[in-house]
Amino acid sequence: MATVVITGANRGIGLALTKTYAARGDTVHAACRAPDEASELREVGGNVQLHAVDVGHHASIDSLAQAITEPVDVVIANAGVYGLSGADQTFADLDFKGVDFTFNINTIGALKTLQAFIPHVSKSDGKKLVAITSKMGSIDDASSGMIAYRSSKTALNMALCCAANELQDKGIAVGTLHPGWVRTRMGGDNAPTTTQESADGLASVIDSLTPGPKAAFKDFRGDAIAW
């Protein structure tokens, strides 16, 4: 059985991923800002251990990494934000305080989370570092609007491509995965994919990840996304 760390585990895709791995019989370290208030997460059966973490603060991430002492097969940096309102994410009216906040969570927080667990992953059999990103971070499809969100994911993707190249000699696989358009608070009620469909697909893609010179950029079905 594997040991998995998931951030943003209290709702949406993170909660569904926790359920998926717990149902497999894996040990899940499920982290979110306020686990005492995460009623759905606390009800998940199986070997699920709850942790508090705020990925906007490096000390909080370091504390999480120190609290988990066992080898970790898979780390999933899932915590993220959509950021500002649509009007504040157009180039002409870009709110730079909002840009800072979005990058701090989506890019820096995710990178710090994965970096903090390199020692744990290096000692495991699974050896996988994964970020939940978005195809909206693809420069190949740079539609207008949502500049802060899109750019934060593009930067995350680039950094993890570099990480994959560095870590392949350690046998560590790196993935940047798009969960699809999912029925969450962020995705809205009109999204065609349920959180559990997305999570089950993501887990399957994660199973297939192998070390290489570039991070895999795939959706939850396993289809490659253009950078």
# chains A, B, ... in the order shown; residues from 1 in each chain; ligands from 1
$ select_by_dssp --residues "segment 61-173 of chain A" --states "alpha helix (DSSP H)" --output "number ranges by chain"
A: 61-67, 96-103, 110-116, 118-122, 147-167
$ residues_around --residues "Gly45 of chain A" --least-positions-apart "6" --cutoff "12 Å" --atoms "only C-alpha atoms" --output "ChimeraX atom specification"
/A:15,18-28
$ residues_around --residues "segment 48-54 of chain A" --least-positions-apart "4" --cutoff "12 Å" --atoms "only C-alpha atoms" --output "MDAnalysis selection string"
chainID A and resid 3:10 15 17:44 58:68 77 79:80 104:105 109:110 112:113
$ closest_residue --among "A:Pro179, A:Ala173, A:Thr90, A:Ala142" --to "Ala191 of chain A" --atoms "only C-alpha atoms"
A:Pro179
$ residues_around --residues "Asp95 of chain A" --least-positions-apart "2" --cutoff "12 Å" --atoms "only C-alpha atoms" --output "list in words"
Gly83, Leu84, Ser85, Gly86, Ala87, Asp88, Gln89, Thr90, Phe91, Ala92, Asp93, Lys97, Gly98, Val99, Asp100, Phe101, Thr102, Met146, Ile147, Ala148 and Tyr149 of chain A
$ write_last_selection --atoms "all heavy atoms" --output "compact mmCIF listing (two decimals), in the first residue's frame"
# COMPACT_ATOMS: atom_id res chain seq x y z
N GLY A 83 -8.51 33.05 -7.55
CA GLY A 83 -8.02 34.41 -7.44
C GLY A 83 -9.10 35.46 -7.58
O GLY A 83 -10.21 35.31 -7.07
N LEU A 84 -8.77 36.50 -8.30
CA LEU A 84 -9.58 37.70 -8.37
C LEU A 84 -10.83 37.53 -9.21
O LEU A 84 -10.99 36.54 -9.92
CB LEU A 84 -8.72 38.81 -8.99
CG LEU A 84 -7.32 38.97 -8.40
CD1 LEU A 84 -6.43 39.71 -9.37
CD2 LEU A 84 -7.40 39.70 -7.09
N SER A 85 -11.68 38.53 -9.16
CA SER A 85 -12.83 38.56 -10.05
C SER A 85 -12.34 38.69 -11.48
O SER A 85 -11.20 39.12 -11.74
CB SER A 85 -13.74 39.73 -9.71
OG SER A 85 -13.10 40.96 -10.04
N GLY A 86 -13.19 38.33 -12.42
CA GLY A 86 -12.80 38.39 -13.83
C GLY A 86 -12.33 39.76 -14.26
O GLY A 86 -11.35 39.89 -15.01
N ALA A 87 -12.98 40.82 -13.79
CA ALA A 87 -12.61 42.18 -14.19
C ALA A 87 -11.21 42.53 -13.71
O ALA A 87 -10.46 43.25 -14.40
CB ALA A 87 -13.62 43.18 -13.62
N ASP A 88 -10.83 42.04 -12.55
CA ASP A 88 -9.51 42.34 -11.98
C ASP A 88 -8.40 41.47 -12.56
O ASP A 88 -7.23 41.63 -12.22
CB ASP A 88 -9.53 42.16 -10.46
CG ASP A 88 -10.37 43.22 -9.76
OD1 ASP A 88 -10.46 44.33 -10.30
OD2 ASP A 88 -10.94 42.91 -8.71
N GLN A 89 -8.77 40.54 -13.46
CA GLN A 89 -7.78 39.69 -14.10
C GLN A 89 -7.64 40.00 -15.59
O GLN A 89 -7.07 39.19 -16.34
CB GLN A 89 -8.09 38.21 -13.87
CG GLN A 89 -7.92 37.79 -12.42
CD GLN A 89 -7.57 36.32 -12.29
OE1 GLN A 89 -6.68 35.82 -12.96
NE2 GLN A 89 -8.28 35.62 -11.41
N THR A 90 -8.15 41.13 -16.04
CA THR A 90 -7.87 41.59 -17.39
C THR A 90 -6.60 42.44 -17.33
O THR A 90 -6.28 43.03 -16.29
CB THR A 90 -9.02 42.45 -17.94
OG1 THR A 90 -9.21 43.58 -17.10
CG2 THR A 90 -10.31 41.64 -18.00
N PHE A 91 -5.87 42.51 -18.43
CA PHE A 91 -4.58 43.18 -18.41
C PHE A 91 -4.71 44.66 -18.08
O PHE A 91 -3.92 45.22 -17.31
CB PHE A 91 -3.87 43.00 -19.76
CG PHE A 91 -2.46 43.51 -19.75
CD1 PHE A 91 -1.51 42.91 -18.95
CD2 PHE A 91 -2.10 44.59 -20.52
CE1 PHE A 91 -0.21 43.38 -18.92
CE2 PHE A 91 -0.80 45.07 -20.51
CZ PHE A 91 0.16 44.45 -19.70
N ALA A 92 -5.74 45.31 -18.62
CA ALA A 92 -5.89 46.75 -18.42
C ALA A 92 -6.20 47.10 -16.96
O ALA A 92 -5.82 48.17 -16.48
CB ALA A 92 -6.99 47.29 -19.33
N ASP A 93 -6.88 46.21 -16.26
CA ASP A 93 -7.30 46.49 -14.89
C ASP A 93 -6.70 45.51 -13.87
O ASP A 93 -7.25 45.31 -12.79
CB ASP A 93 -8.83 46.44 -14.79
CG ASP A 93 -9.49 47.49 -15.66
OD1 ASP A 93 -9.13 48.67 -15.54
OD2 ASP A 93 -10.36 47.13 -16.47
N LYS A 97 -1.97 43.28 -6.27
CA LYS A 97 -2.02 42.62 -4.96
C LYS A 97 -2.67 41.25 -5.10
O LYS A 97 -2.24 40.27 -4.48
CB LYS A 97 -2.79 43.48 -3.96
CG LYS A 97 -2.02 44.72 -3.49
CD LYS A 97 -2.80 45.44 -2.41
CE LYS A 97 -2.02 46.66 -1.90
NZ LYS A 97 -2.77 47.40 -0.86
N GLY A 98 -3.68 41.19 -5.93
CA GLY A 98 -4.34 39.92 -6.19
C GLY A 98 -3.43 38.96 -6.94
O GLY A 98 -3.46 37.75 -6.72
N VAL A 99 -2.62 39.50 -7.85
CA VAL A 99 -1.65 38.67 -8.58
C VAL A 99 -0.67 38.05 -7.59
O VAL A 99 -0.36 36.85 -7.65
CB VAL A 99 -0.92 39.50 -9.64
CG1 VAL A 99 0.22 38.67 -10.26
CG2 VAL A 99 -1.88 39.95 -10.73
N ASP A 100 -0.16 38.87 -6.66
CA ASP A 100 0.77 38.37 -5.64
C ASP A 100 0.14 37.22 -4.85
O ASP A 100 0.78 36.18 -4.62
CB ASP A 100 1.17 39.49 -4.68
CG ASP A 100 2.16 40.46 -5.29
OD1 ASP A 100 2.76 40.13 -6.32
OD2 ASP A 100 2.34 41.55 -4.71
N PHE A 101 -1.10 37.42 -4.43
CA PHE A 101 -1.79 36.39 -3.65
C PHE A 101 -1.96 35.10 -4.45
O PHE A 101 -1.70 34.00 -3.95
CB PHE A 101 -3.16 36.91 -3.20
CG PHE A 101 -4.02 35.86 -2.55
CD1 PHE A 101 -3.74 35.40 -1.28
CD2 PHE A 101 -5.13 35.34 -3.22
CE1 PHE A 101 -4.53 34.42 -0.69
CE2 PHE A 101 -5.92 34.37 -2.64
CZ PHE A 101 -5.63 33.92 -1.37
N THR A 102 -2.38 35.23 -5.70
CA THR A 102 -2.62 34.06 -6.54
C THR A 102 -1.34 33.28 -6.78
O THR A 102 -1.31 32.05 -6.68
CB THR A 102 -3.25 34.49 -7.87
OG1 THR A 102 -4.44 35.24 -7.62
CG2 THR A 102 -3.62 33.28 -8.72
N MET A 146 -8.45 36.21 -17.05
CA MET A 146 -7.94 35.36 -15.97
C MET A 146 -6.41 35.30 -15.98
O MET A 146 -5.79 34.24 -15.81
CB MET A 146 -8.54 33.96 -16.05
CG MET A 146 -10.06 33.93 -16.06
SD MET A 146 -10.82 34.95 -14.75
CE MET A 146 -10.25 34.11 -13.29
N ILE A 147 -5.78 36.46 -16.17
CA ILE A 147 -4.33 36.52 -16.34
C ILE A 147 -3.59 36.02 -15.10
O ILE A 147 -2.61 35.27 -15.20
CB ILE A 147 -3.89 37.95 -16.69
CG1 ILE A 147 -4.31 38.27 -18.14
CG2 ILE A 147 -2.40 38.14 -16.52
CD1 ILE A 147 -4.03 39.70 -18.57
N ALA A 148 -4.01 36.42 -13.92
CA ALA A 148 -3.32 36.00 -12.71
C ALA A 148 -3.38 34.48 -12.55
O ALA A 148 -2.36 33.83 -12.28
CB ALA A 148 -3.91 36.69 -11.49
N TYR A 149 -4.56 33.92 -12.70
CA TYR A 149 -4.72 32.47 -12.55
C TYR A 149 -3.93 31.72 -13.61
O TYR A 149 -3.16 30.80 -13.30
CB TYR A 149 -6.20 32.09 -12.63
CG TYR A 149 -6.45 30.62 -12.50
CD1 TYR A 149 -6.40 29.98 -11.26
CD2 TYR A 149 -6.71 29.83 -13.63
CE1 TYR A 149 -6.61 28.62 -11.13
CE2 TYR A 149 -6.93 28.47 -13.51
CZ TYR A 149 -6.88 27.86 -12.27
OH TYR A 149 -7.08 26.52 -12.16
$ closest_residue --among "A:Ala163, A:Val55, A:Trp227, A:Thr176" --to "Ile139 of chain A" --atoms "only C-alpha atoms"
A:Trp227
$ select_by_dssp --residues "segment 3-184 of chain A" --states "strand (DSSP E)" --output "MDAnalysis selection string"
chainID A and resid 3:7 27:32 48:52 74:77 128:132 173:178
$ closest_residue --among "A:His178, A:Arg150, A:Lys135, A:His120" --to "Ala199 of chain A" --atoms "only C-alpha atoms"
A:His178
$ closest_residue --among "A:Ile13, A:Val81, A:Met1, A:Met136" --to "Ala226 of chain A" --atoms "only C-alpha atoms"
A:Met136
$ closest_residue --among "A:Leu94, A:Lys128, A:Gly12, A:Lys123" --to "Ile172 of chain A" --atoms "only C-alpha atoms"
A:Lys128
$ decode --residues "segment 42-171 of chain A" --atoms "C-alpha atoms" --output "mmCIF file, in the first residue's frame"
data_model
loop_
_atom_site.group_PDB
_atom_site.id
_atom_site.type_symbol
_atom_site.label_atom_id
_atom_site.label_comp_id
_atom_site.auth_asym_id
_atom_site.auth_seq_id
_atom_site.Cartn_x
_atom_site.Cartn_y
_atom_site.Cartn_z
ATOM 1 C CA ARG A 42 -13.330 13.851 8.922
ATOM 2 C CA GLU A 43 -15.972 11.347 7.822
ATOM 3 C CA VAL A 44 -13.795 9.656 5.191
ATOM 4 C CA GLY A 45 -13.141 6.057 6.158
ATOM 5 C CA GLY A 46 -9.841 4.251 6.029
ATOM 6 C CA ASN A 47 -6.373 5.222 7.178
ATOM 7 C CA VAL A 48 -6.727 8.993 6.831
ATOM 8 C CA GLN A 49 -4.630 11.242 9.034
ATOM 9 C CA LEU A 50 -5.585 14.917 9.184
ATOM 10 C CA HIS A 51 -3.087 17.768 9.289
ATOM 11 C CA ALA A 52 -3.313 21.550 9.368
ATOM 12 C CA VAL A 53 -1.394 23.464 6.708
ATOM 13 C CA ASP A 54 -1.570 26.883 5.097
ATOM 14 C CA VAL A 55 0.359 26.685 1.835
ATOM 15 C CA GLY A 56 0.641 30.457 1.796
ATOM 16 C CA HIS A 57 3.186 30.222 4.627
ATOM 17 C CA HIS A 58 6.456 28.332 4.266
ATOM 18 C CA ALA A 59 6.746 27.648 7.989
ATOM 19 C CA SER A 60 3.388 25.864 7.910
ATOM 20 C CA ILE A 61 4.534 23.638 5.032
ATOM 21 C CA ASP A 62 7.798 22.880 6.842
ATOM 22 C CA SER A 63 5.834 21.914 9.952
ATOM 23 C CA LEU A 64 3.718 19.515 7.889
ATOM 24 C CA ALA A 65 6.828 17.905 6.393
ATOM 25 C CA GLN A 66 8.358 17.540 9.853
ATOM 26 C CA ALA A 67 5.178 15.980 11.254
ATOM 27 C CA ILE A 68 5.183 13.242 8.618
ATOM 28 C CA THR A 69 8.245 11.102 9.244
ATOM 29 C CA GLU A 70 7.552 8.040 7.074
ATOM 30 C CA PRO A 71 8.481 7.639 3.387
ATOM 31 C CA VAL A 72 5.831 9.130 1.082
ATOM 32 C CA ASP A 73 5.051 7.552 -2.283
ATOM 33 C CA VAL A 74 2.941 10.361 -3.747
ATOM 34 C CA VAL A 75 2.688 14.052 -2.879
ATOM 35 C CA ILE A 76 -0.194 15.929 -4.492
ATOM 36 C CA ALA A 77 -0.025 19.722 -4.284
ATOM 37 C CA ASN A 78 -3.703 20.344 -4.838
ATOM 38 C CA ALA A 79 -4.419 23.480 -2.786
ATOM 39 C CA GLY A 80 -5.097 26.435 -5.055
ATOM 40 C CA VAL A 81 -7.209 29.521 -5.700
ATOM 41 C CA TYR A 82 -8.931 31.005 -8.736
ATOM 42 C CA GLY A 83 -8.016 34.409 -7.442
ATOM 43 C CA LEU A 84 -9.577 37.701 -8.374
ATOM 44 C CA SER A 85 -12.828 38.559 -10.048
ATOM 45 C CA GLY A 86 -12.802 38.389 -13.826
ATOM 46 C CA ALA A 87 -12.607 42.185 -14.186
ATOM 47 C CA ASP A 88 -9.509 42.343 -11.981
ATOM 48 C CA GLN A 89 -7.779 39.692 -14.098
ATOM 49 C CA THR A 90 -7.865 41.591 -17.389
ATOM 50 C CA PHE A 91 -4.580 43.180 -18.410
ATOM 51 C CA ALA A 92 -5.892 46.748 -18.417
ATOM 52 C CA ASP A 93 -7.299 46.491 -14.888
ATOM 53 C CA LEU A 94 -4.987 43.909 -13.346
ATOM 54 C CA ASP A 95 -4.963 44.035 -9.539
ATOM 55 C CA PHE A 96 -1.340 43.325 -8.624
ATOM 56 C CA LYS A 97 -2.016 42.623 -4.962
ATOM 57 C CA GLY A 98 -4.337 39.920 -6.195
ATOM 58 C CA VAL A 99 -1.654 38.670 -8.577
ATOM 59 C CA ASP A 100 0.771 38.368 -5.642
ATOM 60 C CA PHE A 101 -1.792 36.395 -3.647
ATOM 61 C CA THR A 102 -2.618 34.062 -6.538
ATOM 62 C CA PHE A 103 1.028 33.333 -7.308
ATOM 63 C CA ASN A 104 1.832 32.823 -3.626
ATOM 64 C CA ILE A 105 -0.737 30.045 -3.343
ATOM 65 C CA ASN A 106 -0.826 28.471 -6.811
ATOM 66 C CA THR A 107 2.845 28.677 -7.735
ATOM 67 C CA ILE A 108 5.062 29.269 -4.724
ATOM 68 C CA GLY A 109 2.905 27.318 -2.274
ATOM 69 C CA ALA A 110 2.685 24.310 -4.589
ATOM 70 C CA LEU A 111 6.421 24.349 -5.326
ATOM 71 C CA LYS A 112 7.327 24.690 -1.661
ATOM 72 C CA THR A 113 5.026 21.792 -0.785
ATOM 73 C CA LEU A 114 6.625 19.467 -3.304
ATOM 74 C CA GLN A 115 10.158 20.599 -2.460
ATOM 75 C CA ALA A 116 9.599 20.027 1.275
ATOM 76 C CA PHE A 117 8.740 16.376 0.654
ATOM 77 C CA ILE A 118 11.658 15.448 -1.607
ATOM 78 C CA PRO A 119 13.410 13.628 1.293
ATOM 79 C CA HIS A 120 10.260 11.629 2.071
ATOM 80 C CA VAL A 121 9.625 10.728 -1.559
ATOM 81 C CA SER A 122 13.254 9.780 -2.158
ATOM 82 C CA LYS A 123 12.929 7.057 0.501
ATOM 83 C CA SER A 124 9.710 5.597 -0.943
ATOM 84 C CA ASP A 125 8.923 3.037 -3.612
ATOM 85 C CA GLY A 126 6.436 5.269 -5.465
ATOM 86 C CA LYS A 127 8.574 8.404 -5.848
ATOM 87 C CA LYS A 128 6.003 10.771 -7.363
ATOM 88 C CA LEU A 129 5.532 14.541 -7.024
ATOM 89 C CA VAL A 130 2.334 15.921 -8.544
ATOM 90 C CA ALA A 131 0.767 19.349 -8.884
ATOM 91 C CA ILE A 132 -2.868 19.876 -9.798
ATOM 92 C CA THR A 133 -2.567 22.553 -12.454
ATOM 93 C CA SER A 134 -4.870 23.605 -15.308
ATOM 94 C CA LYS A 135 -4.896 23.587 -19.079
ATOM 95 C CA MET A 136 -5.550 27.315 -18.647
ATOM 96 C CA GLY A 137 -1.826 27.484 -17.948
ATOM 97 C CA SER A 138 -1.074 26.309 -21.480
ATOM 98 C CA ILE A 139 0.468 29.036 -23.646
ATOM 99 C CA ASP A 140 -0.786 27.050 -26.630
ATOM 100 C CA ASP A 141 -4.315 28.143 -25.675
ATOM 101 C CA ALA A 142 -3.778 31.638 -24.283
ATOM 102 C CA SER A 143 -7.320 32.959 -24.362
ATOM 103 C CA SER A 144 -7.976 36.390 -22.913
ATOM 104 C CA GLY A 145 -8.798 37.065 -19.277
ATOM 105 C CA MET A 146 -7.942 35.364 -15.974
ATOM 106 C CA ILE A 147 -4.330 36.521 -16.338
ATOM 107 C CA ALA A 148 -3.317 35.998 -12.705
ATOM 108 C CA TYR A 149 -4.720 32.475 -12.549
ATOM 109 C CA ARG A 150 -3.430 31.431 -15.971
ATOM 110 C CA SER A 151 0.034 32.867 -15.344
ATOM 111 C CA SER A 152 0.325 31.245 -11.922
ATOM 112 C CA LYS A 153 -0.320 27.847 -13.473
ATOM 113 C CA THR A 154 2.034 28.496 -16.406
ATOM 114 C CA ALA A 155 4.811 29.380 -13.982
ATOM 115 C CA LEU A 156 4.067 26.265 -11.927
ATOM 116 C CA ASN A 157 4.239 24.099 -15.044
ATOM 117 C CA MET A 158 7.588 25.548 -16.095
ATOM 118 C CA ALA A 159 9.144 25.160 -12.666
ATOM 119 C CA LEU A 160 8.064 21.536 -12.485
ATOM 120 C CA CYS A 161 9.473 20.803 -15.926
ATOM 121 C CA CYS A 162 12.814 21.962 -14.533
ATOM 122 C CA ALA A 163 12.243 19.906 -11.389
ATOM 123 C CA ALA A 164 11.532 16.779 -13.430
ATOM 124 C CA ASN A 165 14.837 17.162 -15.212
ATOM 125 C CA GLU A 166 16.700 17.572 -11.907
ATOM 126 C CA LEU A 167 14.934 14.731 -10.127
ATOM 127 C CA GLN A 168 14.924 12.023 -12.789
ATOM 128 C CA ASP A 169 18.311 10.730 -11.622
ATOM 129 C CA LYS A 170 16.755 10.186 -8.177
ATOM 130 C CA GLY A 171 14.034 8.105 -9.809
#
